[in-house]
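Undergrad: Sharing a structure with you now.
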Amino acid sequence: MRNKAPTRRIAWGYALLIGLALMQQLMIYLKVYMDQSYTTGDMIFSIVSLGALVFGLFLPVGVSVVAGFVYLVSYFVWLVTYADANVLVFSWWLLIPANVAVAAFIKASLLRSARVVERLQDMQDRNPEIDLDTTLGNKGALADTLIKHSNLARRYSEKYGFSIAMFKIEFLPLVMESLGSVRYAQFLLEISGTIQKQIRYEDYKFFVDRGRFVIICPMVNEEYLPLLTQRIKKAIMDLQIIDKKGNELQTVIRSGALVFQMEQFSKYDDIDAVIAALERNTETDLIGEYI
């Protein structure tokens, strides 16, 4: 499952920031209500509290910590020595450093998230044929593998052949809405694992987006292919997936397949045409020969 910690930290940071803003507003209202006044000093400290957010967001964490400590000590000395104590004056002692701390916390969380995005992008750049959601081969990897196997089938036409099958999640928008992004990503991983348990190690599996998994099975008997696709489809639909409301998701999977034919060799260079033919076959759970 994906690591939700960076997103959760940012959410907590913004929640704390909103809470501090509400508290500062409450302190101002209480002061005005109790003293019927809002002095120039109060205005200055209100502006300083806003500036503290900018301070914590843009300056290094170490500088923010030191500045916050110096402010706490200096303000405390002024508070007990010279200040006309009231609820608003006392609140500035804690709220301004709290603004700095929360802003620094949000910045650190954003930087962590940015580093995660950079690592994912680096992974995509290094492995352009890997789908990041499932770690399976993507459309580009499928195209390369198809070309390789179609050439093998052409060269050794009497001894070598292969089949290709697609498994498609039906009603995908409804499934994604019911699961949410995190559960949907976990669902894709579970489908990938389920398919792997049903195929041989020499078979290939890919994910070509929009809830579509594709497998390539070299040297599979054409009569055995319908049994294989039905077995995989049933295994996927038997997965127990819980949606956001705690209910079990009823999954519908469509399957379709193609068996390589020599006269179709040239068409296997067009990956979009192959995927489109597979998707057409999923509409009737068909195993076809022609693209």
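By order in the structure tokens, chains are A, B, ...; within a chain, residues start at 1; ligands start at 1, following the order shown.
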What parts of segment 101-245 of chain A does DSSP call strand (DSSP E or B)? I'd like the answer as a PyMOL selection string.
TA: chain A and resi 130+137+162-169+204-207+212-218+242
Undergrad: If we count only C-alpha atoms and set the cut-off at 12 Å, which residues sit around Gly180 of chain A, ignoring sequence neighbours fewer than 6 positions away in its own chain? Please answer as a PDB file with C-alpha atoms, in the first residue's frame.
TA:
ATOM      1  CA  LEU A 172     -14.146   1.493 -13.784  1.00  0.00           C
ATOM      2  CA  PRO A 173     -15.311   5.050 -12.791  1.00  0.00           C
ATOM      3  CA  LEU A 174     -17.739   3.560 -10.264  1.00  0.00           C
ATOM      4  CA  GLN A 186      -4.087  -1.645  -3.586  1.00  0.00           C
ATOM      5  CA  PHE A 187      -6.775  -3.318  -5.714  1.00  0.00           C
ATOM      6  CA  ILE A 242     -13.699  -3.490   0.868  1.00  0.00           C
ATOM      7  CA  ASP A 243     -14.826  -0.059  -0.331  1.00  0.00           C
ATOM      8  CA  LYS A 244     -14.700   3.274   1.518  1.00  0.00           C
ATOM      9  CA  LYS A 245     -18.018   2.551   3.261  1.00  0.00           C
TER      10      LYS A 245
END
Undergrad: Interatomic distance between atom CA of Ser64 of chain A and atom CA of Val100 of chain A?
TA: 6.8 Å
Undergrad: As an exercise, work out the distance from atom CA of Asp203 of chain A to atom CA of Val220 of chain A in Å and give it to one decimal place.
TA: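 Atom CA of Val220 of chain A lies at a distance of 9.7 Å from atom CA of Asp203 of chain A.
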Undergrad: Go through A:Gly161, A:Lys205, A:Ile44, A:Ala98 and flag the residue nearest Leu142 of chain A, using only C-alpha atoms for the distances.
TA: A:Lys205
Undergrad: For a test of reading the model, state the distance in Å between atom CA of Leu152 of chain A and atom CA of Asp285 of chain A, rounded to one decimal.
TA: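 A separation of 27.1 Å between them.
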Undergrad: Would you pick out the contacts of Lys267 of chain A at 12 Å or less, using only C-alpha atoms, so that residues sharing its chain but fewer than 2 positions from it are not included, and give the list as an NGL selection string?
TA: :A and (143 or 146-147 or 150-151 or 260-265 or 269-277 or 289-291)
Undergrad: Counting only C-alpha atoms, what is within 8 Å of Ile96 of chain A, bar same-chain residues fewer than 5 positions away, as a list in words?
TA: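 Those residues are Val48, Ser49 and Ala52 of chain A.
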Undergrad: Write a file of the just-selected residues containing all heavy atoms, as a short mmCIF file (atom, residue, chain, number, x, y, z; two decimals), in the first residue's frame.
TA:
data_model
loop_
_atom_site.label_atom_id
_atom_site.label_comp_id
_atom_site.auth_asym_id
_atom_site.auth_seq_id
_atom_site.Cartn_x
_atom_site.Cartn_y
_atom_site.Cartn_z
N VAL A 48 2.92 40.96 12.97
CA VAL A 48 4.08 40.11 13.22
C VAL A 48 3.69 38.62 13.18
O VAL A 48 4.44 37.78 12.67
CB VAL A 48 4.73 40.47 14.58
CG1 VAL A 48 5.78 39.42 14.97
CG2 VAL A 48 5.37 41.84 14.51
N SER A 49 2.50 38.31 13.70
CA SER A 49 2.06 36.91 13.70
C SER A 49 1.88 36.40 12.27
O SER A 49 2.16 35.24 11.97
CB SER A 49 0.76 36.76 14.49
OG SER A 49 -0.32 37.38 13.81
N ALA A 52 5.29 35.85 10.86
CA ALA A 52 5.90 34.63 11.39
C ALA A 52 5.63 33.44 10.48
O ALA A 52 6.46 32.53 10.36
CB ALA A 52 5.39 34.35 12.80
#
Undergrad: Would you mind listing what lies within 10 Å of Leu94 of chain A as a ChimeraX atom specification, with only C-alpha atoms counted and same-chain residues fewer than 3 positions away left out?
TA: /A:68,71-72,75-76,89-91,97-99
Undergrad: Write out as a PyMOL selection string the set of residues from segment 50-240 of chain A that DSSP, computed on the backbone, places in helix (DSSP H, G or I).
TA: chain A and resi 50-58+61-81+87-126+139-155+172-198+225-237
Undergrad: Can you pull out every residue within 12 Å of Gly193 of chain A, counting only C-alpha atoms, but drop anything in the same chain fewer than 3 positions away, and send it as a ChimeraX atom specification?
TA: /A:134-136,186-190,196-199,205-206,213,232,235-236,239
Undergrad: Choose the residue, out of A:Ser109, A:Arg212, A:Ser163, A:Ala103, that has the smallest atom-to-atom separation from Gly51 of chain A; count only C-alpha atoms.
TA: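 Between A:Ser109, A:Arg212, A:Ser163, A:Ala103, the residue approaching Gly51 of chain A most closely is A:Ala103.
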Undergrad: Find, counting only C-alpha atoms, the residue in A:Tyr268, A:Trp78, A:Phe167, A:Phe162 that gets nearest to Lys233 of chain A.
TA: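 Comparing A:Tyr268, A:Trp78, A:Phe167, A:Phe162 against Lys233 of chain A, the winner is A:Phe167.
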